[in-house]
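entry_27.csv follows; it contains CSV, C-alpha atoms.
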chain,number,residue,atom,x,y,z
A,1260,MET,CA,-40.1,102.3,-53.6
A,1261,ARG,CA,-38.1,104.7,-55.8
A,1262,GLY,CA,-36.2,104.8,-59.0
A,1263,ALA,CA,-33.1,106.9,-58.4
A,1264,PRO,CA,-30.7,108.3,-60.9
A,1265,VAL,CA,-27.1,107.5,-60.1
A,1266,SER,CA,-23.9,108.3,-61.9
A,1267,ASP,CA,-20.3,107.0,-61.4
A,1268,ASP,CA,-19.1,110.5,-60.2
A,1269,GLY,CA,-16.5,110.6,-62.9
A,1270,CYS,CA,-14.6,107.4,-61.9
A,1271,GLY,CA,-15.0,105.9,-65.4
A,1272,CYS,CA,-16.6,102.8,-63.9
A,1273,PHE,CA,-20.1,101.3,-64.1
A,1274,PRO,CA,-22.1,101.6,-60.9
A,1275,THR,CA,-21.3,97.9,-60.3
A,1276,GLY,CA,-17.6,98.9,-60.0
A,1277,ARG,CA,-16.7,97.2,-63.3
A,1278,HIS,CA,-14.4,99.5,-65.2
A,1279,TYR,CA,-15.2,100.9,-68.6
A,1280,ALA,CA,-13.1,104.0,-69.3
A,1281,GLY,CA,-14.1,107.1,-71.1
A,1282,ILE,CA,-17.9,107.0,-70.7
A,1283,SER,CA,-18.4,108.5,-67.2
A,1284,HIS,CA,-19.9,111.7,-68.6
A,1285,LEU,CA,-22.6,109.6,-70.4
A,1286,LEU,CA,-23.5,107.3,-67.6
A,1287,LYS,CA,-26.7,107.9,-65.7
A,1288,VAL,CA,-28.8,104.9,-64.7
A,1289,GLU,CA,-32.3,104.8,-63.3
A,1290,ILE,CA,-32.2,102.3,-60.5
A,1291,ARG,CA,-35.4,100.5,-59.4
A,1292,GLY,CA,-36.0,98.9,-56.0
A,1293,LEU,CA,-34.6,101.5,-53.6
A,1294,VAL,CA,-36.2,102.5,-50.4
A,1295,ASP,CA,-37.7,106.0,-50.5
A,1296,GLY,CA,-35.6,108.5,-48.7
A,1297,ILE,CA,-32.3,106.6,-49.0
A,1298,PRO,CA,-30.1,108.2,-51.8
A,1299,ALA,CA,-28.6,105.8,-54.3
A,1300,ASP,CA,-25.1,107.1,-53.6
A,1301,THR,CA,-25.3,106.3,-49.9
A,1302,PRO,CA,-22.8,103.6,-48.8
A,1303,TRP,CA,-24.9,100.5,-48.3
A,1304,ARG,CA,-23.1,99.8,-45.0
A,1305,GLU,CA,-24.4,103.1,-43.6
A,1306,VAL,CA,-28.1,102.4,-44.3
A,1307,PRO,CA,-30.2,100.6,-41.6
A,1308,ILE,CA,-30.6,97.0,-42.8
A,1309,ALA,CA,-33.4,94.9,-41.2
A,1310,LEU,CA,-32.5,91.2,-41.5
A,1311,ILE,CA,-35.7,89.1,-41.2
A,1312,ASP,CA,-35.9,85.4,-40.5
A,1313,VAL,CA,-38.9,83.2,-40.0
A,1314,GLU,CA,-39.4,79.7,-38.7
A,1315,THR,CA,-42.6,78.0,-40.0
A,1316,THR,CA,-44.9,75.0,-40.0
A,1317,GLY,CA,-43.9,74.2,-43.6
A,1318,ARG,CA,-42.7,75.5,-46.9
A,1319,ASP,CA,-45.8,76.8,-48.6
A,1320,ALA,CA,-46.6,80.3,-47.5
A,1321,SER,CA,-50.2,80.1,-48.8
A,1322,ILE,CA,-51.2,77.4,-46.3
A,1323,GLU,CA,-48.5,77.2,-43.7
A,1324,ARG,CA,-47.8,79.6,-40.8
A,1325,VAL,CA,-45.1,81.5,-39.0
A,1326,VAL,CA,-44.1,80.1,-35.6
A,1327,GLU,CA,-41.1,82.4,-34.9
A,1328,LEU,CA,-40.0,85.7,-36.4
A,1329,GLY,CA,-36.7,87.4,-35.8
A,1330,VAL,CA,-35.6,90.9,-36.9
A,1331,VAL,CA,-32.0,92.1,-36.4
A,1332,VAL,CA,-31.3,95.7,-37.6
A,1333,GLY,CA,-27.7,96.6,-38.4
A,1334,ARG,CA,-25.9,99.8,-39.5
A,1335,GLY,CA,-22.2,100.2,-40.1
A,1336,GLY,CA,-21.6,96.6,-39.3
A,1337,GLU,CA,-23.1,96.9,-35.8
A,1338,VAL,CA,-26.5,95.7,-34.5
A,1339,ILE,CA,-28.7,98.6,-33.5
A,1340,ALA,CA,-31.9,96.8,-32.7
A,1341,SER,CA,-33.1,93.2,-32.3
A,1342,LYS,CA,-36.6,91.7,-31.8
A,1343,ASN,CA,-37.8,88.1,-31.6
A,1344,TRP,CA,-41.4,86.7,-31.3
A,1345,LEU,CA,-42.7,83.2,-30.8
A,1346,VAL,CA,-46.1,83.1,-32.6
A,1347,ASN,CA,-49.0,80.8,-32.1
A,1348,PRO,CA,-49.7,79.6,-35.7
A,1349,GLY,CA,-53.3,78.4,-34.9
A,1350,ILE,CA,-52.5,75.1,-36.5
A,1351,PRO,CA,-50.4,72.1,-35.3
A,1352,ILE,CA,-46.7,72.2,-36.0
A,1353,PRO,CA,-45.8,69.1,-38.0
A,1354,ASP,CA,-43.1,66.7,-36.8
A,1355,GLU,CA,-40.9,67.5,-39.8
A,1356,ALA,CA,-41.0,71.2,-39.1
A,1357,ARG,CA,-40.3,70.7,-35.4
A,1358,ALA,CA,-37.3,68.5,-36.3
A,1359,VAL,CA,-35.8,71.5,-38.0
A,1360,HIS,CA,-36.4,74.4,-35.6
A,1361,GLY,CA,-37.3,72.5,-32.4
A,1362,ILE,CA,-40.4,74.6,-31.7
A,1363,SER,CA,-43.3,72.5,-30.4
A,1364,ASP,CA,-47.0,73.1,-30.0
A,1365,ALA,CA,-46.5,73.5,-26.3
A,1366,ASP,CA,-43.8,76.2,-26.9
A,1367,VAL,CA,-46.3,78.4,-28.7
A,1368,ALA,CA,-49.6,77.5,-27.0
A,1369,ASP,CA,-49.7,80.7,-24.9
A,1370,LYS,CA,-48.0,83.0,-27.5
A,1371,PRO,CA,-49.7,85.7,-29.4
A,1372,ARG,CA,-51.2,85.2,-32.9
A,1373,PHE,CA,-49.4,86.9,-35.7
A,1374,GLU,CA,-51.9,89.8,-35.9
A,1375,ALA,CA,-51.0,90.7,-32.3
A,1376,ILE,CA,-47.3,91.4,-33.2
A,1377,VAL,CA,-47.9,93.4,-36.3
A,1378,ALA,CA,-47.6,96.8,-34.8
A,1379,GLU,CA,-44.2,95.9,-33.1
A,1380,LEU,CA,-43.0,94.3,-36.3
A,1381,LEU,CA,-43.8,97.3,-38.5
A,1382,GLU,CA,-42.2,99.7,-36.0
A,1383,VAL,CA,-38.9,97.8,-36.0
A,1384,LEU,CA,-38.9,97.7,-39.8
A,1385,ARG,CA,-39.7,101.4,-40.2
A,1386,GLY,CA,-37.1,103.2,-42.4
A,1387,ALA,CA,-34.9,100.2,-42.8
A,1388,VAL,CA,-33.8,98.3,-46.0
A,1389,PRO,CA,-35.3,94.8,-45.8
A,1390,ALA,CA,-33.1,91.8,-46.0
A,1391,ALA,CA,-33.3,88.0,-45.6
A,1392,TYR,CA,-31.2,85.0,-46.4
A,1393,ASN,CA,-33.0,83.4,-49.3
A,1394,ALA,CA,-35.3,86.4,-49.3
A,1395,PRO,CA,-38.2,85.0,-51.4
A,1396,PHE,CA,-39.0,82.5,-48.7
A,1397,ASP,CA,-39.1,84.9,-45.7
A,1398,ARG,CA,-40.8,87.6,-47.7
A,1399,ALA,CA,-43.5,85.3,-48.9
A,1400,PHE,CA,-44.4,84.1,-45.4
A,1401,VAL,CA,-44.3,87.6,-43.7
A,1402,THR,CA,-46.4,89.1,-46.6
A,1403,ALA,CA,-48.9,86.3,-46.4
A,1404,GLU,CA,-49.3,86.7,-42.6
A,1405,LEU,CA,-49.7,90.4,-42.9
A,1406,GLY,CA,-52.3,89.9,-45.6
A,1407,ARG,CA,-54.3,87.5,-43.3
A,1408,ALA,CA,-54.1,90.2,-40.6
A,1409,LYS,CA,-55.3,92.8,-43.1
A,1410,ALA,CA,-52.5,95.0,-41.8
A,1411,ASP,CA,-51.7,98.5,-43.1
A,1412,VAL,CA,-48.0,98.1,-44.1
A,1413,SER,CA,-47.5,101.6,-45.6
A,1414,SER,CA,-45.0,102.5,-42.9
A,1415,ALA,CA,-42.6,99.7,-43.7
A,1416,PRO,CA,-40.3,99.9,-46.8
A,1417,ALA,CA,-40.1,96.1,-46.7
A,1418,PHE,CA,-43.6,95.8,-48.1
A,1419,ALA,CA,-43.6,98.7,-50.6
A,1420,LYS,CA,-44.2,97.6,-54.1
A,1421,GLY,CA,-40.9,96.8,-55.9
A,1422,VAL,CA,-38.5,97.4,-53.1
A,1423,GLU,CA,-35.5,95.0,-53.4
A,1424,TRP,CA,-34.7,92.9,-50.4
A,1425,ILE,CA,-31.0,92.5,-49.8
A,1426,ASP,CA,-30.3,88.8,-50.0
A,1427,PRO,CA,-26.9,87.5,-48.8
A,1428,LEU,CA,-27.5,84.1,-50.5
A,1429,ILE,CA,-27.3,85.8,-53.9
A,1430,TRP,CA,-23.9,87.2,-53.1
A,1431,ALA,CA,-22.7,83.9,-51.5
A,1432,ARG,CA,-23.6,82.1,-54.7
A,1433,ASP,CA,-21.4,84.5,-56.6
A,1434,ILE,CA,-18.5,85.0,-54.2
A,1435,GLN,CA,-18.4,81.4,-53.0
A,1436,SER,CA,-19.2,79.9,-56.4
A,1437,ASP,CA,-16.8,76.9,-55.9
A,1438,ALA,CA,-18.5,75.8,-52.6
A,1439,LYS,CA,-20.8,72.8,-52.7
A,1440,SER,CA,-23.2,74.2,-50.0
A,1441,ARG,CA,-24.7,77.7,-49.7
A,1442,ALA,CA,-26.7,76.8,-46.6
A,1443,LEU,CA,-26.4,79.7,-44.1
A,1444,GLY,CA,-24.4,77.6,-41.6
A,1445,ASP,CA,-21.9,76.5,-44.2
A,1446,VAL,CA,-21.5,80.0,-45.6
A,1447,ALA,CA,-21.1,81.5,-42.2
A,1448,ALA,CA,-18.5,78.9,-41.2
A,1449,ARG,CA,-16.4,79.7,-44.3
A,1450,LEU,CA,-16.5,83.4,-43.4
A,1451,GLY,CA,-15.8,82.9,-39.7
A,1452,VAL,CA,-19.3,84.0,-38.6
A,1453,GLU,CA,-20.6,82.3,-35.5
A,1454,LEU,CA,-24.0,80.6,-35.6
A,1455,THR,CA,-24.6,78.7,-32.4
A,1456,ASN,CA,-28.3,78.1,-32.5
A,1457,ALA,CA,-29.2,77.4,-36.2
A,1458,HIS,CA,-32.8,77.4,-37.3
A,1459,ARG,CA,-33.9,79.8,-34.5
A,1460,ALA,CA,-35.1,83.1,-36.0
A,1461,SER,CA,-33.0,85.8,-34.3
A,1462,ASP,CA,-29.9,83.6,-34.3
A,1463,ASP,CA,-30.2,83.0,-38.0
A,1464,ALA,CA,-31.0,86.7,-38.7
A,1465,LYS,CA,-27.9,87.9,-36.8
A,1466,ALA,CA,-25.7,85.4,-38.6
A,1467,ALA,CA,-27.1,86.3,-42.0
A,1468,LEU,CA,-26.5,90.0,-41.3
A,1469,ASP,CA,-22.9,89.3,-40.3
A,1470,VAL,CA,-22.5,87.1,-43.4
A,1471,MET,CA,-23.6,90.1,-45.6
A,1472,TYR,CA,-21.2,92.4,-43.9
A,1473,ARG,CA,-18.4,89.9,-44.4
A,1474,LEU,CA,-19.3,89.2,-48.0
A,1475,GLY,CA,-19.3,93.0,-48.5
A,1476,ASN,CA,-15.6,93.1,-48.0
A,1477,ASP,CA,-15.2,91.4,-51.4
A,1478,PRO,CA,-14.3,93.9,-54.1
A,1479,ARG,CA,-17.1,92.5,-56.3
A,1480,VAL,CA,-19.6,94.0,-54.0
A,1481,PRO,CA,-20.4,97.6,-54.9
A,1482,ALA,CA,-20.0,100.2,-52.2
A,1483,THR,CA,-23.1,102.3,-52.7
A,1484,TYR,CA,-26.7,101.3,-52.1
A,1485,GLY,CA,-27.9,102.0,-55.6
A,1486,ALA,CA,-25.1,100.1,-57.3
A,1487,PHE,CA,-25.5,97.3,-54.8
A,1488,VAL,CA,-29.2,96.8,-55.6
A,1489,GLN,CA,-28.5,97.1,-59.3
A,1490,GLU,CA,-25.8,94.4,-59.2
A,1491,GLN,CA,-27.8,92.1,-57.0
A,1492,ARG,CA,-30.6,92.3,-59.5
A,1493,ARG,CA,-28.2,91.3,-62.3
A,1494,LEU,CA,-26.7,88.4,-60.3
A,1495,SER,CA,-30.2,87.2,-59.3
A,1496,GLN,CA,-31.3,87.1,-63.0
A,1497,ALA,CA,-28.0,85.4,-64.1
A,1498,GLN,CA,-28.3,82.8,-61.4
A,1499,ALA,CA,-32.0,82.1,-62.4
A,1500,ASP,CA,-31.0,81.8,-66.0
A,1501,ALA,CA,-28.2,79.4,-65.1
A,1502,ARG,CA,-30.6,77.2,-63.1
A,1503,ARG,CA,-33.0,77.0,-66.0
A,1504,HIS,CA,-30.2,76.1,-68.4
A,1505,TRP,CA,-29.1,73.4,-66.0
A,1506,ARG,CA,-32.6,71.9,-65.7
A,1507,HIS,CA,-32.8,71.6,-69.5
As structure tokens, please, write out the structure in this file.
Amino acid sequence: MRGAPVSDDGCGCFPTGRHYAGISHLLKVEIRGLVDGIPADTPWREVPIALIDVETTGRDASIERVVELGVVVGRGGEVIASKNWLVNPGIPIPDEARAVHGISDADVADKPRFEAIVAELLEVLRGAVPAAYNAPFDRAFVTAELGRAKADVSSAPAFAKGVEWIDPLIWARDIQSDAKSRALGDVAARLGVELTNAHRASDDAKAALDVMYRLGNDPRVPATYGAFVQEQRRLSQAQADARRHWRH
């Protein structure tokens, strides 16, 4: 993880793209959450983005397990790598979970345990900016499984302290704010993104990556990696504040 200085290169705009004339010579912001080795002024579309999706036995990462993991890596709007694993969770798959993703105990009985796929997983994530749709969920499960496997994750930016995961859901909440549902399938449909096999890991990952690229066409989405991360952090905090206000 890195904090990187970024300026607006004289455009008179904040790194988010919001205009404020006459202060460009003063503006230099330290941006947290960037992947080491990727300059803040790199267009985010040009960086490798690893979209991660998990299917699980339940919702609590501390006690439930991953049964399927998909990673789709994109750059410049194109898929450059894709990997999918069915995983034996070592515990029964509850009926409620099977009703969502369709994966049964029989489907994973002869599949590897999570620790057996760690090396392949870390290799496909190497050098890429991590991403997930509703990132806290997927991040929590993958991190918990890696912890149980006592894996050395130093090669993967996804698990470096403080690295920001790109989350298309945060952008969908902002850009499609009038929509009633922000479920991946509904957001994808509004954007014309195909999702033919919902709740299977690699299909969801591919659709979520396409959703992020489509959402990125909106002028509210900053062009550079550093500004993108900074604005996503701002949106995430604003959305969390709004939810707290609504609850009270």
Among the residues A:Ile1352, A:Ile1322, A:Tyr1484, A:Pro1389, the one that comes closest to A:Gly1421 [using only C-alpha atoms]:
A:Pro1389
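Comparing the minimum interatomic distances between A:Thr1301 and each of A:Gln1435, A:Thr1483, A:Gln1498, A:Gln1489, counting all atoms listed in the file, we find that A:Thr1483 sits nearest.
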So how many Å separate atom CA of A:Leu1494 and atom CA of A:Arg1432, to one decimal?
9.0 Å
Using only C-alpha atoms, which residue out of A:Asp1354, A:Asp1477, A:Asp1319, A:Asp1300 lies closest to A:Ile1434?
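Nearest candidate to A:Ile1434 out of A:Asp1354, A:Asp1477, A:Asp1319, A:Asp1300: A:Asp1477.
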List the spatial neighbours of A:Gly1329 as an NGL selection string - criterion: any atom at most 6 Å away, only C-alpha atoms, same-chain residues fewer than 2 positions off excluded.
:A and (1311-1312 or 1342-1343 or 1460-1461)
Excluding same-chain residues fewer than 4 positions from stretch 1396-1412 of chain A, what lies within 9 Å of it counting only C-alpha atoms, as a PDB file with C-alpha atoms, in the coordinates of the input?
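Everything below was put into result.pdb:
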ATOM      1  CA  ILE A1311     -35.700  89.100 -41.200  1.00  0.00           C
ATOM      2  CA  ASP A1312     -35.900  85.400 -40.500  1.00  0.00           C
ATOM      3  CA  VAL A1313     -38.900  83.200 -40.000  1.00  0.00           C
ATOM      4  CA  GLU A1314     -39.400  79.700 -38.700  1.00  0.00           C
ATOM      5  CA  THR A1315     -42.600  78.000 -40.000  1.00  0.00           C
ATOM      6  CA  ARG A1318     -42.700  75.500 -46.900  1.00  0.00           C
ATOM      7  CA  ASP A1319     -45.800  76.800 -48.600  1.00  0.00           C
ATOM      8  CA  ALA A1320     -46.600  80.300 -47.500  1.00  0.00           C
ATOM      9  CA  SER A1321     -50.200  80.100 -48.800  1.00  0.00           C
ATOM     10  CA  GLU A1323     -48.500  77.200 -43.700  1.00  0.00           C
ATOM     11  CA  ARG A1324     -47.800  79.600 -40.800  1.00  0.00           C
ATOM     12  CA  VAL A1325     -45.100  81.500 -39.000  1.00  0.00           C
ATOM     13  CA  LEU A1328     -40.000  85.700 -36.400  1.00  0.00           C
ATOM     14  CA  PHE A1373     -49.400  86.900 -35.700  1.00  0.00           C
ATOM     15  CA  GLU A1374     -51.900  89.800 -35.900  1.00  0.00           C
ATOM     16  CA  ALA A1375     -51.000  90.700 -32.300  1.00  0.00           C
ATOM     17  CA  VAL A1377     -47.900  93.400 -36.300  1.00  0.00           C
ATOM     18  CA  ALA A1378     -47.600  96.800 -34.800  1.00  0.00           C
ATOM     19  CA  LEU A1381     -43.800  97.300 -38.500  1.00  0.00           C
ATOM     20  CA  ALA A1390     -33.100  91.800 -46.000  1.00  0.00           C
ATOM     21  CA  ALA A1391     -33.300  88.000 -45.600  1.00  0.00           C
ATOM     22  CA  TYR A1392     -31.200  85.000 -46.400  1.00  0.00           C
ATOM     23  CA  PRO A1416     -40.300  99.900 -46.800  1.00  0.00           C
ATOM     24  CA  ALA A1417     -40.100  96.100 -46.700  1.00  0.00           C
ATOM     25  CA  PHE A1418     -43.600  95.800 -48.100  1.00  0.00           C
ATOM     26  CA  ALA A1419     -43.600  98.700 -50.600  1.00  0.00           C
ATOM     27  CA  TRP A1424     -34.700  92.900 -50.400  1.00  0.00           C
TER      28      TRP A1424
END
Skipping near chain neighbours, those fewer than 6 positions away, what residues fall within 8 Å of A:Val1367 using all atoms listed in the file, listed as an MDAnalysis selection string?
chainID A and resid 1326 1345:1348
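Between atom CA of A:Asp1364 and atom CA of A:Leu1443 the interatomic distance comes to 25.8 Å.
Here atom CA of A:Glu1327 and atom CA of A:His1360 stand 9.3 Å from one another.
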Please reconstruct the missing atoms of stretch 1457-1476 of chain A (target: N, CA and C atoms) and return them as a CSV table (one decimal), in the frame of the given file.
chain,number,residue,atom,x,y,z
A,1457,ALA,N,-28.6,77.4,-34.8
A,1457,ALA,CA,-29.2,77.4,-36.2
A,1457,ALA,C,-30.7,77.0,-36.1
A,1458,HIS,N,-31.4,77.7,-37.1
A,1458,HIS,CA,-32.8,77.4,-37.3
A,1458,HIS,C,-33.7,78.0,-36.1
A,1459,ARG,N,-33.1,79.0,-35.4
A,1459,ARG,CA,-33.9,79.8,-34.5
A,1459,ARG,C,-33.8,81.2,-35.1
A,1460,ALA,N,-35.0,81.9,-35.1
A,1460,ALA,CA,-35.1,83.1,-36.0
A,1460,ALA,C,-34.1,84.2,-35.8
A,1461,SER,N,-34.0,84.7,-34.5
A,1461,SER,CA,-33.0,85.8,-34.3
A,1461,SER,C,-31.6,85.4,-34.5
A,1462,ASP,N,-31.3,84.1,-34.1
A,1462,ASP,CA,-29.9,83.6,-34.3
A,1462,ASP,C,-29.5,83.6,-35.8
A,1463,ASP,N,-30.4,83.0,-36.6
A,1463,ASP,CA,-30.2,83.0,-38.0
A,1463,ASP,C,-30.1,84.4,-38.6
A,1464,ALA,N,-31.0,85.3,-38.1
A,1464,ALA,CA,-31.0,86.7,-38.7
A,1464,ALA,C,-29.7,87.4,-38.4
A,1465,LYS,N,-29.2,87.2,-37.1
A,1465,LYS,CA,-27.9,87.9,-36.8
A,1465,LYS,C,-26.8,87.3,-37.6
A,1466,ALA,N,-26.7,86.0,-37.8
A,1466,ALA,CA,-25.7,85.4,-38.6
A,1466,ALA,C,-25.8,85.8,-40.0
A,1467,ALA,N,-27.0,85.9,-40.6
A,1467,ALA,CA,-27.1,86.3,-42.0
A,1467,ALA,C,-26.7,87.7,-42.2
A,1468,LEU,N,-27.0,88.6,-41.2
A,1468,LEU,CA,-26.5,90.0,-41.3
A,1468,LEU,C,-25.0,90.0,-41.2
A,1469,ASP,N,-24.4,89.3,-40.3
A,1469,ASP,CA,-22.9,89.3,-40.3
A,1469,ASP,C,-22.3,88.7,-41.6
A,1470,VAL,N,-23.0,87.7,-42.1
A,1470,VAL,CA,-22.5,87.1,-43.4
A,1470,VAL,C,-22.5,88.2,-44.5
A,1471,MET,N,-23.6,89.0,-44.5
A,1471,MET,CA,-23.6,90.1,-45.6
A,1471,MET,C,-22.5,91.1,-45.4
A,1472,TYR,N,-22.3,91.5,-44.2
A,1472,TYR,CA,-21.2,92.4,-43.9
A,1472,TYR,C,-19.8,91.8,-44.3
A,1473,ARG,N,-19.6,90.5,-44.0
A,1473,ARG,CA,-18.4,89.9,-44.4
A,1473,ARG,C,-18.2,89.8,-45.9
A,1474,LEU,N,-19.3,89.3,-46.5
A,1474,LEU,CA,-19.3,89.2,-48.0
A,1474,LEU,C,-19.0,90.6,-48.6
A,1475,GLY,N,-19.5,91.6,-48.0
A,1475,GLY,CA,-19.3,93.0,-48.5
A,1475,GLY,C,-17.9,93.5,-48.5
A,1476,ASN,N,-17.0,92.7,-47.9
A,1476,ASN,CA,-15.6,93.1,-48.0
A,1476,ASN,C,-15.0,92.7,-49.3
